Structures are given as C-alpha cells and as structure tokens.
Amino acid sequence: MVMKVYGTVLSTAAMRVCAALYEKNLEFEFIPVDMRAGEHKKEHFLALNPFGQVPAFEDGDLKLFESRAIAQYVAHVYADKGTPLVCEGKPMATVGVWMQVEAHQFEPLALKLRRELLYKPRSGMATDAAVVEENEAKLAKVLDVYEARLSQSEYLGCDCFTLADLHPLPTMTTLMGTPVKKLFDARPKLSAWLANISARPAWAKVLAMRNQQ
Amino acid sequence: MVVKVYGSTRAACPQRVMACLLEKEVEFEIVHVDLDAGEQKKPEFLQRQPFGQVPAVEDGDFRLFESRAIIRYYATKYAGRGADLLGATPEERAVVDQWLEVEAHNFNDLAFNLVFHLVISPHMGLRSDLALVHSSEQKLEKVMDIYEQRLSKSKYLAGDFFSLADLSHLPAIRCLTEDAGLGHLVKERKFVNAWWEDISSRPSWKKLLTLL
C-alpha cells in the first residue's frame, strides 16, 4: 500500500514531509486538502489530525500528524533506503539539537515574517513594518548562530545531510523569496549551505510539485 | 561521571530534563544559572547555549542544549533502563514523536504566554499583557479539549504506556495549575485530570518536586 500525505503544496510543513519521502525514494500519494474551503477543519480531516492542521500522513494502518514526527518516522523506519537522514549515538543527539533549534528558534520568527511579507499582501492587508523590523533583528541573531555552526560543520547536525538540514529548508526557501533574503546573503557559510542543500534532487522534486499546482 | 545540568530547578525546561534523567535513573548534578541576574545571556554561558537559554547539559566531553533534544538522547541511550519512554516499536516511537511535537507546537507557546504573564512578569515587576493571557487561555482550552478526546481513548498520550510525550508536559502543567491559578484547565476535564493525577504521581516526578 502506498503512503499518503494529505496537505497543500503551499504548506512548508507538508513540503517538509514530501522532501523526506523524496530523499528516501519512497512512493507516496499526495492528497490535496482544500484549505481555502476550510477542508482542514472538517470532520473527515479532523479524524486524521484533530488539530486541523496539514500535513497528515498514512503508512498502512499507521496514521500520523506533525511534519517533524512524520519525517523522523520515515527516516528511522526506512533507514536503509535512499539518503540516510538520521544517524546514531552522540552525532544523532547533535542532529536532534539542531532539529529543535529549527523548531523553537528559527521557525517562529520565520513564520511571523512570512505572514507580514507574503500572506498579508496576498490577502490585501498592509505589512506591519515595525513587526518586520523587530523580527528581522531577532532572526539575524539566530542566523548568526547558524553561521557560527556552519563555520565548524559542513552540515548542521553532523558531517552529512540529515533531518537537521531538511527541516528548515522549506521555510528558508520561502523566505528567500522575500527581502529577508538579505540576511542569508550577508552570511557566507549559511548561504553556501543553503545553496548546496537547495540543489539536492529531492528538493527539486518538491519544487516541481509546487510548480505544477 | 555525573551529568551536569546547567539551569535553574525552578525553570520548566531544565525540569523537563531532570524529569527524564530521574526516570532513567541517570545521576546528575544541577549547576545553578542565575536567571534573575541574566547569567544565561553572559558570554561564558553563551559558549554552552548560543541562544542564552537554559538548560544546557555537559556529559563528560559531550555538550547538548534544547531540552527536547536532551530528553530524546537520554531516553534513547538508556532505552533498556527504567521505563521505556520511547515505545517498543518504530510505530509506537512515531506516535510518541507526534505528541512530543504537539506539546512543542500546539501547547507550549500558549502555556508559556500564560506562565510568563501570570507568574514570571509579576515576579520581575513587569507589566502583564492581560489581553494575551485571555486569548492564550481560550486557545489552550480548545487544545485541552483535543487532549481530552485523545485521553478518552488512550491512557497516555502515545498509547497505553507513559512516554516522553507525557513527561514533556509535566513542568508546564505543574506551573499552570499550581502557580498560575489555572487548575480548571485540568480539573474540568475528566480524562485529562485522571492522566495528570497519574503522571504527576510518578515517583520520579515526586522526587523532582523535592529538589525545587
């Protein structure tokens, strides 16, 4: 039975899961959820994710939600397929640290900036320049930490590409399409790392999914 | 060698780590970081934790930060010792991870807003944002309704076994119910209440409370 991912191509969380599946060369069916029509808040979707958020995922009888949990499941259970996205012991602990850094230090600021710079203009609302300035300043400090890390290590978690690098890729790609790009361009190690991981074939497949919609 | 946990016993994230180490019977020592004096933002501490937050851990030569990464490491390393906090199969592990993510993304920020504005701000003589308190409480009520639904079908969050997913909630729920006056979030929900009574009665959690 083919794995199923429920989501939209505009969701960075859904793309996080798709990226992991492509890295593993795993077949999956992508089932679009019409968020504009509120499908994610309807009964049949709440049965897949009671928080009414995308993505949701099925592998046979196993149903999961939370993109980072899904990506970890795929990485561990299909460890012998495609790119190894996890490792063991102390290196995996460090991968784990950088997975948390993405979730707690980077993503909250990134999502605020995305809302101001992309979502609000799209729905005809005015960008709040003060919010942008405040969060750019905070994000700059976080990206300084990434820059320092990437000055010591080729990838965030260890010396190869893992979930620690995959998890921030979708949201970083989105931000690169906004003025926030300047914060990345100003940090050579960070921008080289991002260019490198953005060029991965699995990510090209994710972008192709987005471009088809 | 004893694991060193840098932080304050009164802070939620160090408590998360302490709870896990107690469950796994791993000896540790607390190295106190004076949060009121801003010690966590000083250059020396930033070497350990570049975001200037507690906890950080030192285990021989090995250093870690981010409490949820630390607990995953020790739960994995000592999987065979004490309670199995990660489940017995990859599928169980995935559901543990799912509810750990729920704690981190759907519960934590709301709980933090409430704790910060109802407990920490008054303590530090800062103004509380009562509008944020109100909206956070309303949103957290909806989240707890989903927990109630889950726990009506499952004894613990990830299944019929206590896991890191339940453990991760202990510090914030203790603070919400005992320090922030929001006990009703738990008490008004039959299954959440039973779950809270159960997990907060564990010997390791009771031991932690004696260390505060």
# chains A, B, ... in the order shown; residues from 1 in each chain; ligands from 1
$ residues_around --residues "B:Val133" --least-positions-apart "2" --cutoff "9 Å" --atoms "only C-alpha atoms" --output "PyMOL selection string"
chain B and resi 110+113-115+117-118+128-131+135-138
$ interface_residues --of "chain A" --to "chain B" --cutoff "6 Å" --atoms "only C-alpha atoms" --output "ChimeraX atom specification"
/A:66,69,73,93,96-97
$ closest_residue --among "A:Lys182, A:Ala37, A:Arg16, A:His44" --to "A:Leu169" --atoms "only C-alpha atoms"
A:Arg16
$ residues_around --residues "stretch 50-62 of chain A" --least-positions-apart "4" --cutoff "8 Å" --atoms "only C-alpha atoms" --output "PyMOL selection string"
(chain A and resi 1-8+11+13-14+17+40-42+45-46+66-67+70) or (chain B and resi 91+143+146)
$ residues_around --residues "A:Ala19" --least-positions-apart "2" --cutoff "8 Å" --atoms "only C-alpha atoms" --output "ChimeraX atom specification"
/A:15-17,21-23,166,202-203,205-206
$ write_last_selection --atoms "N, CA and C atoms" --output "PDB file, in the first residue's frame"
ATOM      1  N   MET A  15       5.565  20.169   2.713  1.00  0.00           N
ATOM      2  CA  MET A  15       6.728  20.019   1.840  1.00  0.00           C
ATOM      3  C   MET A  15       7.907  19.387   2.592  1.00  0.00           C
ATOM      4  N   ARG A  16       7.960  19.637   3.907  1.00  0.00           N
ATOM      5  CA  ARG A  16       8.984  19.004   4.745  1.00  0.00           C
ATOM      6  C   ARG A  16       8.851  17.481   4.647  1.00  0.00           C
ATOM      7  N   VAL A  17       7.613  17.004   4.732  1.00  0.00           N
ATOM      8  CA  VAL A  17       7.362  15.556   4.659  1.00  0.00           C
ATOM      9  C   VAL A  17       7.678  15.034   3.262  1.00  0.00           C
ATOM     10  N   LEU A  21      10.353  12.085   1.993  1.00  0.00           N
ATOM     11  CA  LEU A  21       9.954  10.925   1.193  1.00  0.00           C
ATOM     12  C   LEU A  21      10.743  10.854  -0.108  1.00  0.00           C
ATOM     13  N   TYR A  22      10.960  12.002  -0.750  1.00  0.00           N
ATOM     14  CA  TYR A  22      11.759  12.018  -1.981  1.00  0.00           C
ATOM     15  C   TYR A  22      13.215  11.646  -1.694  1.00  0.00           C
ATOM     16  N   GLU A  23      13.752  12.137  -0.560  1.00  0.00           N
ATOM     17  CA  GLU A  23      15.134  11.782  -0.212  1.00  0.00           C
ATOM     18  C   GLU A  23      15.281  10.265  -0.083  1.00  0.00           C
ATOM     19  N   LEU A 166      17.245  19.260   6.571  1.00  0.00           N
ATOM     20  CA  LEU A 166      15.998  19.166   5.808  1.00  0.00           C
ATOM     21  C   LEU A 166      14.876  19.981   6.447  1.00  0.00           C
ATOM     22  N   ALA A 202      16.128  15.738  -4.539  1.00  0.00           N
ATOM     23  CA  ALA A 202      14.855  15.548  -3.829  1.00  0.00           C
ATOM     24  C   ALA A 202      14.124  16.887  -3.672  1.00  0.00           C
ATOM     25  N   TRP A 203      14.883  17.954  -3.403  1.00  0.00           N
ATOM     26  CA  TRP A 203      14.245  19.260  -3.244  1.00  0.00           C
ATOM     27  C   TRP A 203      13.701  19.766  -4.581  1.00  0.00           C
ATOM     28  N   LYS A 205      12.404  17.967  -6.785  1.00  0.00           N
ATOM     29  CA  LYS A 205      11.112  17.279  -6.978  1.00  0.00           C
ATOM     30  C   LYS A 205      10.008  17.973  -6.178  1.00  0.00           C
ATOM     31  N   VAL A 206      10.353  18.434  -4.977  1.00  0.00           N
ATOM     32  CA  VAL A 206       9.357  19.160  -4.167  1.00  0.00           C
ATOM     33  C   VAL A 206       8.960  20.448  -4.879  1.00  0.00           C
TER      34      VAL A 206
END
$ select_by_dssp --residues "stretch 84-169 of chain B" --states "helix (DSSP H, G or I)" --output "number ranges by chain"
B: 90-124, 130-151, 164-167
$ closest_residue --among "A:Ala148, A:Met92, A:Leu64, A:Leu194" --to "A:Leu175" --atoms "only C-alpha atoms"
A:Leu194
$ select_by_dssp --residues "stretch 11-206 of chain A" --states "strand (DSSP E)" --output "ChimeraX atom specification"
/A:28-32,56-59,62-65
$ closest_residue --among "A:Asp80, A:Leu117, A:Gln105, A:Leu10" --to "A:Val131" --atoms "only C-alpha atoms"
A:Leu117
